[in-house]
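Everything below belongs to protein_11.txt, which stores compact mmCIF, C-alpha atoms and all ligand atoms.
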# COMPACT_ATOMS: atom_id res chain seq x y z
CA MET A 17 -31.34 -12.63 -29.30
CA GLN A 18 -28.86 -11.82 -26.56
CA ASP A 19 -28.81 -8.51 -24.74
CA ASP A 20 -25.51 -6.82 -25.11
CA LEU A 21 -23.51 -6.09 -21.99
CA ILE A 22 -24.78 -2.52 -21.55
CA ALA A 23 -28.43 -3.58 -21.77
CA LEU A 24 -27.79 -6.40 -19.32
CA LEU A 25 -26.16 -3.96 -16.86
CA ASP A 26 -29.22 -1.71 -17.17
CA ARG A 27 -31.57 -4.57 -16.33
CA PHE A 28 -29.65 -5.43 -13.18
CA ALA A 29 -29.23 -1.79 -12.15
CA ALA A 30 -33.04 -1.59 -11.98
CA ILE A 31 -33.06 -4.23 -9.21
CA GLY A 32 -32.62 -2.40 -5.92
CA ALA A 33 -32.27 0.91 -7.75
CA THR A 34 -32.09 3.93 -5.45
CA PRO A 35 -33.58 7.34 -6.37
CA ASP A 36 -30.08 8.76 -6.91
CA LYS A 37 -29.34 6.13 -9.63
CA GLY A 38 -27.34 3.93 -7.32
CA VAL A 39 -28.07 0.37 -6.22
CA CYS A 40 -28.84 -1.16 -2.82
CA ARG A 41 -28.72 -4.97 -2.94
CA LEU A 42 -27.62 -6.23 0.43
CA THR A 43 -26.83 -9.93 0.79
CA GLY A 44 -29.94 -12.00 1.43
CA SER A 45 -32.33 -9.10 0.82
CA PRO A 46 -35.32 -9.43 -1.55
CA GLU A 47 -33.33 -7.34 -4.07
CA ASP A 48 -30.41 -9.78 -3.86
CA GLY A 49 -32.94 -12.58 -4.41
CA ALA A 50 -34.38 -10.86 -7.49
CA ALA A 51 -30.92 -10.26 -9.01
CA ARG A 52 -29.99 -13.89 -8.39
CA GLN A 53 -33.19 -15.08 -10.05
CA LEU A 54 -32.64 -12.96 -13.12
CA PHE A 55 -29.04 -14.16 -13.37
CA ALA A 56 -30.17 -17.79 -13.09
CA GLN A 57 -32.94 -17.28 -15.66
CA ILE A 58 -30.69 -15.68 -18.26
CA ALA A 59 -27.87 -18.18 -17.73
CA ALA A 60 -30.26 -21.14 -18.01
CA ALA A 61 -31.91 -19.68 -21.12
CA ARG A 62 -28.48 -19.46 -22.71
CA GLY A 63 -27.76 -23.11 -21.97
CA ALA A 64 -25.87 -23.08 -18.67
CA SER A 65 -26.43 -25.65 -15.96
CA LEU A 66 -26.80 -24.07 -12.55
CA SER A 67 -25.91 -25.01 -9.03
CA THR A 68 -25.91 -23.13 -5.73
CA ASP A 69 -23.62 -24.18 -2.89
CA ALA A 70 -24.19 -24.18 0.88
CA VAL A 71 -23.46 -20.45 1.25
CA GLY A 72 -25.37 -19.30 -1.83
CA ASN A 73 -22.48 -19.05 -4.30
CA MET A 74 -24.06 -19.51 -7.74
CA PHE A 75 -22.30 -21.41 -10.52
CA ALA A 76 -23.57 -21.29 -14.12
CA THR A 77 -21.55 -23.69 -16.22
CA PHE A 78 -21.44 -23.60 -20.00
CA ALA A 79 -20.31 -27.00 -21.28
CA THR A 80 -17.65 -25.81 -23.70
CA ALA A 81 -15.74 -29.02 -22.96
CA PRO A 82 -18.42 -31.71 -22.54
CA GLY A 83 -17.08 -34.64 -20.57
CA ALA A 84 -14.11 -32.68 -19.19
CA GLN A 85 -13.87 -32.28 -15.42
CA SER A 86 -12.08 -28.93 -15.58
CA THR A 87 -13.49 -25.42 -15.79
CA ILE A 88 -12.46 -21.78 -15.87
CA LEU A 89 -14.19 -19.65 -13.24
CA CYS A 90 -15.20 -16.15 -14.22
CA GLY A 91 -17.37 -13.86 -12.14
CA SER A 92 -17.73 -11.39 -9.32
CA HIS A 93 -20.67 -10.42 -7.09
CA LEU A 94 -24.24 -9.16 -7.41
CA ASP A 95 -24.52 -7.86 -3.84
CA SER A 96 -23.83 -4.17 -3.23
CA GLN A 97 -23.15 -1.61 -0.54
CA PRO A 98 -26.21 0.31 0.79
CA THR A 99 -24.96 3.20 -1.35
CA GLY A 100 -23.65 1.01 -4.13
CA GLY A 101 -22.95 1.89 -7.72
CA ARG A 102 -24.36 -0.03 -10.66
CA PHE A 103 -21.11 -1.52 -11.97
CA ASP A 104 -19.29 -2.67 -8.83
CA GLY A 105 -19.57 -6.46 -8.94
CA SER A 106 -22.36 -6.60 -11.52
CA LEU A 107 -19.92 -5.83 -14.33
CA GLY A 108 -17.79 -8.86 -13.48
CA VAL A 109 -20.72 -11.26 -13.33
CA LEU A 110 -22.48 -9.95 -16.43
CA ALA A 111 -19.36 -9.57 -18.60
CA ALA A 112 -18.53 -13.18 -17.71
CA LEU A 113 -22.08 -14.25 -18.57
CA GLU A 114 -21.94 -12.45 -21.93
CA ALA A 115 -18.51 -13.81 -22.79
CA ALA A 116 -19.05 -17.42 -21.68
CA SER A 117 -22.49 -17.70 -23.27
CA ALA A 118 -21.20 -16.23 -26.54
CA LEU A 119 -18.29 -18.69 -26.69
CA TYR A 120 -20.68 -21.52 -25.90
CA ALA A 121 -23.16 -20.36 -28.55
CA GLU A 122 -20.42 -20.36 -31.18
CA GLY A 123 -20.27 -24.11 -30.62
CA GLY A 124 -16.49 -24.32 -30.40
CA ARG A 125 -14.92 -27.19 -28.46
CA TYR A 126 -12.45 -26.28 -25.75
CA ALA A 127 -10.22 -28.08 -23.27
CA HIS A 128 -12.11 -26.62 -20.29
CA ASN A 129 -15.68 -25.66 -19.44
CA LEU A 130 -16.64 -22.11 -18.50
CA THR A 131 -18.34 -21.36 -15.19
CA VAL A 132 -19.84 -17.95 -14.48
CA VAL A 133 -19.95 -17.27 -10.74
CA ASN A 134 -21.90 -14.96 -8.46
CA TRP A 135 -20.05 -14.97 -5.12
CA THR A 136 -22.14 -14.40 -1.97
CA ASN A 137 -21.59 -11.36 0.25
CA GLU A 138 -18.46 -9.98 -1.36
CA GLU A 139 -19.15 -6.53 0.05
CA GLY A 140 -19.49 -7.44 3.70
CA ALA A 141 -22.00 -4.61 4.07
CA ARG A 142 -24.70 -6.57 5.89
CA PHE A 143 -22.57 -9.44 7.23
CA GLN A 144 -18.91 -9.12 8.18
CA PRO A 145 -16.35 -10.28 7.18
CA SER A 146 -16.46 -9.50 3.46
CA LEU A 147 -15.43 -11.89 0.63
CA THR A 148 -17.51 -14.47 2.49
CA GLY A 149 -18.65 -16.78 -0.31
CA SER A 150 -15.31 -16.93 -2.10
CA SER A 151 -13.50 -17.49 1.20
CA VAL A 152 -15.76 -20.45 2.03
CA PHE A 153 -15.09 -21.82 -1.45
CA THR A 154 -11.33 -21.72 -0.82
CA GLY A 155 -11.68 -23.26 2.64
CA LYS A 156 -10.57 -20.16 4.55
CA TYR A 157 -13.94 -20.11 6.36
CA THR A 158 -16.32 -22.98 7.02
CA ALA A 159 -19.89 -22.81 5.72
CA GLU A 160 -21.13 -22.99 9.35
CA PHE A 161 -19.10 -19.91 10.24
CA ALA A 162 -20.42 -17.97 7.24
CA LEU A 163 -24.06 -18.98 7.72
CA GLY A 164 -23.86 -18.00 11.39
CA LEU A 165 -22.75 -14.41 10.69
CA ARG A 166 -25.39 -11.99 11.95
CA ASP A 167 -26.50 -8.58 10.75
CA ARG A 168 -27.18 -5.77 13.20
CA LEU A 169 -30.76 -6.93 13.71
CA GLY A 170 -29.60 -10.42 14.65
CA VAL A 171 -30.61 -12.14 11.40
CA SER A 172 -28.06 -14.74 10.35
CA MET A 173 -26.74 -15.01 6.81
CA GLY A 174 -28.14 -18.54 6.72
CA GLU A 175 -31.63 -17.29 7.62
CA ALA A 176 -31.41 -14.45 5.09
CA LEU A 177 -30.29 -16.78 2.27
CA ALA A 178 -33.01 -19.31 3.15
CA GLN A 179 -35.59 -16.55 3.01
CA ILE A 180 -34.72 -15.71 -0.60
CA GLY A 181 -34.34 -19.38 -1.55
CA TYR A 182 -30.58 -19.40 -2.06
CA LEU A 183 -29.39 -21.71 0.67
CA GLY A 184 -28.24 -24.35 -1.78
CA ASP A 185 -26.88 -27.83 -1.41
CA GLY A 186 -25.10 -28.11 -4.73
CA ALA A 187 -21.43 -27.92 -5.44
CA LEU A 188 -19.44 -26.81 -8.44
CA GLY A 189 -18.69 -30.44 -9.31
CA LEU A 190 -15.83 -29.47 -11.61
CA THR A 191 -12.20 -28.68 -10.95
CA PRO A 192 -11.40 -25.01 -11.56
CA VAL A 193 -8.05 -24.45 -13.24
CA HIS A 194 -8.05 -20.64 -13.40
CA ASN A 195 -10.19 -17.78 -12.10
CA VAL A 196 -10.78 -14.46 -13.87
CA GLU A 197 -12.60 -11.39 -12.57
CA LEU A 198 -13.37 -8.13 -14.34
CA HIS A 199 -14.05 -5.20 -12.01
CA VAL A 200 -14.25 -1.42 -12.07
CA GLU A 201 -11.07 0.02 -10.60
CA GLN A 202 -12.63 1.85 -7.61
CA GLY A 203 -9.65 4.15 -7.66
CA GLY A 204 -8.52 6.95 -9.94
CA HIS A 205 -5.35 5.50 -11.41
CA LEU A 206 -6.64 4.39 -14.83
CA ASP A 207 -8.96 7.39 -15.13
CA GLU A 208 -6.18 9.87 -14.32
CA THR A 209 -3.63 8.28 -16.64
CA GLY A 210 -6.08 7.62 -19.48
CA VAL A 211 -5.19 3.91 -19.62
CA GLN A 212 -8.02 1.59 -20.67
CA ILE A 213 -7.19 -1.74 -19.01
CA GLY A 214 -5.48 -2.57 -15.71
CA ALA A 215 -3.76 -5.93 -15.19
CA VAL A 216 -3.60 -6.36 -11.44
CA THR A 217 -0.40 -7.92 -10.10
CA ALA A 218 -1.12 -7.82 -6.35
CA SER A 219 -3.15 -6.14 -3.64
CA TRP A 220 -2.38 -3.72 -0.85
CA GLY A 221 -2.13 -5.14 2.62
CA VAL A 222 -4.85 -4.33 5.12
CA ARG A 223 -5.35 -4.57 8.86
CA LYS A 224 -8.97 -4.70 9.97
CA LEU A 225 -9.31 -4.00 13.64
CA THR A 226 -12.74 -4.19 15.23
CA LEU A 227 -12.73 -2.90 18.80
CA SER A 228 -15.49 -2.95 21.38
CA PHE A 229 -15.27 -0.26 24.05
CA VAL A 230 -16.98 -1.58 27.14
CA GLY A 231 -18.37 0.58 29.92
CA ALA A 232 -21.55 0.23 31.96
CA PRO A 233 -25.17 1.19 31.23
CA SER A 234 -26.79 3.83 33.45
CA HIS A 235 -29.45 6.54 33.21
CA THR A 236 -28.13 9.54 31.25
CA GLY A 237 -30.03 11.90 33.58
CA PRO A 238 -29.33 11.18 37.24
CA THR A 239 -26.04 9.22 37.04
CA ALA A 240 -23.25 11.37 38.49
CA MET A 241 -20.71 12.25 35.82
CA ALA A 242 -17.84 10.85 37.88
CA LYS A 243 -19.60 7.48 38.13
CA ARG A 244 -20.20 7.00 34.42
CA ARG A 245 -18.32 4.47 32.35
CA ASP A 246 -19.34 5.86 28.99
CA ALA A 247 -18.41 3.55 26.13
CA MET A 248 -19.46 6.13 23.52
CA ARG A 249 -17.03 8.64 24.98
CA ALA A 250 -14.30 5.99 24.86
CA ALA A 251 -15.11 5.25 21.20
CA ALA A 252 -15.07 8.96 20.34
CA LEU A 253 -11.67 9.36 21.95
CA ALA A 254 -10.35 6.29 20.12
CA ILE A 255 -11.64 7.48 16.73
CA THR A 256 -10.08 10.92 17.19
CA GLU A 257 -6.79 9.38 18.28
CA PHE A 258 -6.92 6.94 15.35
CA HIS A 259 -7.07 9.74 12.79
CA ALA A 260 -4.31 11.68 14.56
CA GLN A 261 -2.05 8.61 14.68
CA MET A 262 -2.62 7.60 11.05
CA GLU A 263 -2.05 11.16 9.85
CA ALA A 264 1.28 11.21 11.68
CA GLU A 265 2.44 7.98 9.97
CA PRO A 266 5.00 8.45 7.25
CA GLY A 267 4.24 6.78 3.93
CA GLN A 268 1.20 5.89 1.96
CA LEU A 269 -1.51 4.89 4.44
CA HIS A 270 -5.24 4.80 3.71
CA TRP A 271 -7.49 4.39 6.72
CA SER A 272 -11.01 4.72 8.05
CA ALA A 273 -13.17 4.23 11.11
CA ALA A 274 -16.35 3.73 9.12
CA LYS A 275 -18.85 1.76 11.15
CA ILE A 276 -20.03 2.08 14.72
CA VAL A 277 -22.51 -0.04 16.68
CA ALA A 278 -23.78 1.30 20.00
CA GLU A 279 -25.47 -0.71 22.74
CA PRO A 280 -28.04 -0.49 24.17
CA ASP A 281 -28.61 2.21 21.52
CA SER A 282 -31.01 4.34 23.54
CA PRO A 283 -30.70 8.12 23.82
CA ASN A 284 -31.18 8.07 27.58
CA VAL A 285 -28.90 5.22 28.54
CA VAL A 286 -25.16 5.82 28.80
CA ALA A 287 -23.70 3.50 26.15
CA SER A 288 -22.35 0.31 27.68
CA ARG A 289 -20.70 -1.14 24.61
CA VAL A 290 -19.65 0.59 21.43
CA THR A 291 -17.99 -1.33 18.61
CA VAL A 292 -15.94 0.52 16.01
CA TYR A 293 -14.57 -0.89 12.75
CA PHE A 294 -11.07 0.44 11.97
CA GLU A 295 -9.19 -0.28 8.73
CA ILE A 296 -5.62 0.52 7.76
CA ARG A 297 -4.25 -0.09 4.26
CA ASN A 298 -0.80 0.14 2.64
CA PRO A 299 1.05 -1.78 -0.12
CA ASP A 300 3.19 -3.25 2.70
CA GLN A 301 1.31 -5.30 5.30
CA ARG A 302 4.00 -4.71 7.96
CA ILE A 303 3.33 -0.98 7.87
CA CYS A 304 -0.38 -1.63 8.53
CA THR A 305 0.49 -3.91 11.43
CA GLU A 306 2.90 -1.43 12.99
CA ALA A 307 0.53 1.52 12.59
CA GLY A 308 -2.26 -0.50 14.23
CA ASP A 309 0.03 -1.46 17.10
CA ARG A 310 0.98 2.18 17.71
CA PHE A 311 -2.70 3.15 17.69
CA MET A 312 -3.55 0.44 20.24
CA ALA A 313 -0.68 1.50 22.49
CA ALA A 314 -1.80 5.12 22.30
CA ILE A 315 -5.44 4.54 23.27
CA THR A 316 -5.06 1.82 25.90
CA PRO A 317 -4.25 4.07 28.92
CA ALA A 318 -6.68 6.80 27.82
CA ILE A 319 -9.60 4.36 27.55
CA ALA A 320 -8.74 2.82 30.93
CA ALA A 321 -8.74 6.32 32.44
CA LEU A 322 -12.39 6.63 31.33
CA GLY A 323 -13.20 3.46 33.26
CA CYS A 324 -13.75 1.48 30.08
CA ALA A 325 -12.20 -1.68 28.73
CA ILE A 326 -11.16 -2.57 25.17
CA GLU A 327 -12.18 -5.91 23.72
CA ILE A 328 -10.65 -6.91 20.40
CA ALA A 329 -13.60 -8.31 18.43
CA THR A 330 -11.52 -9.06 15.34
CA ASP A 331 -7.96 -8.30 14.35
CA GLU A 332 -7.48 -9.47 10.80
CA ALA A 333 -4.33 -9.02 8.78
CA ARG A 334 -4.67 -9.51 5.06
CA PRO A 335 -1.22 -9.33 3.51
CA GLY A 336 -0.98 -8.22 -0.07
CA THR A 337 -1.98 -11.12 -2.31
CA GLN A 338 -0.09 -11.99 -5.50
CA LEU A 339 -2.26 -12.66 -8.55
CA SER A 340 -1.31 -14.97 -11.40
CA PRO A 341 1.73 -13.64 -13.34
CA GLU A 342 0.51 -15.62 -16.39
CA GLY A 343 -2.86 -13.91 -16.02
CA VAL A 344 -1.20 -10.49 -15.93
CA ALA A 345 0.79 -11.32 -19.07
CA LEU A 346 -2.33 -12.64 -20.81
CA THR A 347 -4.31 -9.51 -19.90
CA LEU A 348 -1.61 -7.23 -21.32
CA GLU A 349 -1.27 -9.36 -24.45
CA VAL A 350 -5.01 -9.50 -25.15
CA ALA A 351 -5.43 -5.77 -24.52
CA ALA A 352 -2.61 -5.00 -26.95
CA GLU A 353 -4.14 -7.23 -29.62
CA LEU A 354 -7.48 -5.48 -29.20
CA GLY A 355 -5.72 -2.13 -29.61
CA LEU A 356 -6.33 -1.07 -26.02
CA SER A 357 -3.84 0.66 -23.75
CA ALA A 358 -3.03 -1.34 -20.63
CA THR A 359 -0.80 -1.27 -17.58
CA ASP A 360 0.08 -3.52 -14.69
CA MET A 361 -0.97 -2.12 -11.31
CA LEU A 362 -1.79 -2.87 -7.66
CA THR A 363 -5.29 -2.99 -6.20
CA ILE A 364 -6.13 -1.19 -2.98
CA THR A 365 -9.53 -2.81 -2.65
CA GLY A 366 -10.41 -6.40 -1.81
CA HIS A 367 -11.94 -8.65 -4.48
CA ASP A 368 -13.08 -12.25 -4.77
CA ALA A 369 -10.19 -12.84 -7.18
CA LEU A 370 -7.80 -12.17 -4.29
CA ALA A 371 -9.52 -14.74 -2.07
CA LEU A 372 -9.42 -17.31 -4.89
CA ALA A 373 -5.70 -16.69 -5.47
CA ALA A 374 -5.07 -18.79 -2.34
CA VAL A 375 -6.05 -21.97 -4.17
CA MET A 376 -5.69 -21.42 -7.93
CA PRO A 377 -4.15 -19.08 -10.49
CA SER A 378 -6.36 -16.01 -10.31
CA THR A 379 -6.53 -12.96 -12.54
CA LEU A 380 -8.06 -9.55 -11.89
CA VAL A 381 -8.71 -7.07 -14.69
CA PHE A 382 -9.70 -3.44 -14.14
CA VAL A 383 -11.50 -0.88 -16.26
CA PRO A 384 -11.52 2.83 -15.27
CA SER A 385 -13.90 4.44 -12.78
CA VAL A 386 -14.54 8.10 -13.57
CA GLY A 387 -13.04 10.15 -10.75
CA GLY A 388 -12.12 6.94 -8.94
CA LEU A 389 -15.45 7.06 -7.14
CA SER A 390 -17.06 3.89 -5.79
CA HIS A 391 -19.43 2.62 -3.08
CA SER A 392 -21.37 5.65 -4.22
CA PRO A 393 -24.42 6.12 -6.47
CA GLN A 394 -22.17 8.38 -8.56
CA GLU A 395 -19.83 5.51 -9.43
CA LEU A 396 -19.44 5.58 -13.21
CA THR A 397 -17.67 3.58 -15.87
CA LEU A 398 -18.23 4.82 -19.42
CA PRO A 399 -19.95 2.52 -21.96
CA GLU A 400 -16.80 2.33 -24.08
CA ASP A 401 -14.79 1.12 -21.09
CA LEU A 402 -17.48 -1.41 -20.19
CA ARG A 403 -17.36 -2.80 -23.72
CA ASN A 404 -13.54 -2.86 -23.69
CA GLY A 405 -13.58 -4.83 -20.45
CA GLY A 406 -16.15 -7.23 -21.88
CA ALA A 407 -14.06 -7.76 -25.03
CA VAL A 408 -10.89 -8.43 -23.04
CA ILE A 409 -12.66 -10.94 -20.79
CA ARG A 410 -14.17 -12.76 -23.75
CA GLU A 411 -10.82 -13.14 -25.48
CA MET A 412 -9.11 -14.15 -22.23
CA LEU A 413 -11.75 -16.83 -21.60
CA ARG A 414 -11.32 -18.12 -25.14
CA ARG A 415 -7.58 -18.56 -24.60
CA LEU A 416 -7.77 -19.85 -21.05
CA ALA A 417 -10.34 -22.48 -22.07
CA SER A 418 -8.30 -23.58 -25.08
ZN ZN B 501 -16.96 -5.19 -5.96
Show the structure stored in the file as structure tokens.
Amino acid sequence: MQDDLIALLDRFAAIGATPDKGVCRLTGSPEDGAARQLFAQIAAARGASLSTDAVGNMFATFATAPGAQSTILCGSHLDSQPTGGRFDGSLGVLAALEAASALYAEGGRYAHNLTVVNWTNEEGARFQPSLTGSSVFTGKYTAEFALGLRDRLGVSMGEALAQIGYLGDGALGLTPVHNVELHVEQGGHLDETGVQIGAVTASWGVRKLTLSFVGAPSHTGPTAMAKRRDAMRAAALAITEFHAQMEAEPGQLHWSAAKIVAEPDSPNVVASRVTVYFEIRNPDQRICTEAGDRFMAAITPAIAALGCAIEIATDEARPGTQLSPEGVALTLEVAAELGLSATDMLTITGHDALALAAVMPSTLVFVPSVGGLSHSPQELTLPEDLRNGGAVIREMLRRLAS
């Protein structure tokens, strides 16, 4: 007998569970390995054939159209942030698994197969950039690039995946004709408005600017203050200026300086290199670009005055991505037929469905997050909303496969 979606979510939430009821399943960790194994086990037991590609993306195909070369992709990610919630990513994979396996078990014949996917390193918590597996799948990144990404201890993603046994050599082997992803909203729009289903039309633009402030190492005791080239001081100045600049911007900007890496990372050596990860988001990509440019112009002379240099480690612009208009229409139609309230909306956050939109019609469906909280152990989607999302995905897969 099949677990229902809620029971399945509970089983996965136990893998990498944190004491505060959150989840920590970083890419390539033993917990990621355990979640992958359980996913593979359940999918195989329900009749799927499995393959894992060169960067660890997992494909579980239910042969709803034996002999056909086409498939519908449906999935999300099983990796999490260090302070992850239990539904972010897992819901999309497990709702897809429930829906696809149920349609397969019914024995109906369809025009397309159904492939449930677990994309590698969606979160980008351990290895940056994020959306890694789906972006390799679309050809945006090469597998070599992705496998060579290193965490802060110097372990590469390739080494980490090999360690848990998920450095595969398989390929999907089918031609995907549409991609669908169910995800918790990670924002408060649906929760605040009391709407049950979100049909995502497009994403906000984002500029990700990773800057290294470069000074020189010296003893924190004897080195004369005037002779120091303190990269940590430069980073502190830049972060303060960043917040001041973004606050002064007109319009709807969301921003953060959320990660910092100091070298040599010793309390009694003046920091020689400090890398800070800045992000700027707005519905309009040009506004992100311009705000980032103004920030760079503002800090450049001030950092130089501290005797430090700025190296641009990455400067990535991700313009707002358009999702499939047919997928939006289908989401709204299915929700209405199931008696659920639904709305079209934008997404602020990045998702695998956005990466996949570069190469195929891609659809992203949201269910509410209570309080809009995510990347937090307190992230919560109510059971009724989880079931609604699962029902919508199942009906969408039925129609897309037909
Ligand atoms: Zn996610």
Q | Residue among A:Leu380, A:Ala215, A:Leu269, A:Cys304 lying closest to ligand ZN 501 (chain B), counting all atoms listed in the file | A | A:Leu380
**Q.** Which of A:Leu163, A:Gly105, A:Gly124, A:Trp135 sits closest to Pro82 (chain A) [using only C-alpha atoms]
**A.**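 Of A:Leu163, A:Gly105, A:Gly124, A:Trp135, the one nearest Pro82 (chain A) is A:Gly124, counting only C-alpha atoms.
Counting only C-alpha atoms, Val285 (chain A) has the following residues at most 9 Å away, ignoring those fewer than 4 positions along the same chain: A:Pro233, A:Ser234, A:His235, A:Thr236, A:Gly237, A:Glu279, A:Pro280, A:Asp281.
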Q: Could you check how far CA of Ala118 (chain A) sits from CA of Cys90 (chain A), in Å to one decimal?
A: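 If I compute the distance from CA of Ala118 (chain A) to CA of Cys90 (chain A), I get 13.7 Å.
Take the candidates A:Gly221, A:Gly32, A:Gly108, A:Gly63 and check each one against ligand ZN 501 (chain B) using all atoms listed in the file; the shortest distance goes to A:Gly108.
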Q: Please give me, as a list in words, the residues lying within 8 Å of ligand ZN 501 (chain B) when counting only C-alpha atoms and all ligand atoms.
A: Ser92, His93, Ser96, Asp104, Gly105, Ser106, Glu138, Glu139, His199, Val200, Gly366 and His367 of chain A
Q | Spatial neighbours of Leu130 (chain A), 9 Å, only C-alpha atoms, chain gap at least 4 places, as a ChimeraX atom specification | A | /A:76-81,86-90,116-117,120,413,417
Q | Residue contacts of Thr316 (chain A) (12 Å, only C-alpha atoms) excluding same-chain residues fewer than 6 positions away, as a list in words | A |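 Answer for this query is Leu227, Phe229, Ala250, Ala251, Leu253, Ala254, Glu257, Phe258, Asp309, Arg310, Leu322, Gly323, Cys324, Ala325, Ile326, Glu327 and Ile328 of chain A.
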Q: Considering all atoms listed in the file, state which residue in the set A:Thr365, A:Ser228, A:Asn298, A:Thr359 is at the smallest distance from Ile213 (chain A).
A: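 Smallest separation from Ile213 (chain A) among the options: A:Thr359.
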Q.
Rounded to one decimal, what separation in Å do you get between CA of Glu208 (chain A) and CA of Gly388 (chain A)?
A.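 We find that CA of Glu208 (chain A) and CA of Gly388 (chain A) lie 8.5 Å from each other.
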Q: Would you work out the distance separating CA of Thr136 (chain A) from CA of Gly72 (chain A), expressed in Å to one decimal?
A: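 Taking CA of Thr136 (chain A) and CA of Gly72 (chain A), their separation equals 5.9 Å.
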Q.
List the spatial neighbours of Leu339 (chain A) as a ChimeraX atom specification - criterion: any atom at most 12 Å away, all atoms listed in the file, same-chain residues fewer than 5 positions off excluded.
A. /A:194-197,215-220,344-345,347,360-363,367-381
Q. With only C-alpha atoms as the atoms that count, which of A:Val171, A:Thr226, A:Met312, A:Tyr182 lies nearest to Gln53 (chain A)?
A. A:Tyr182
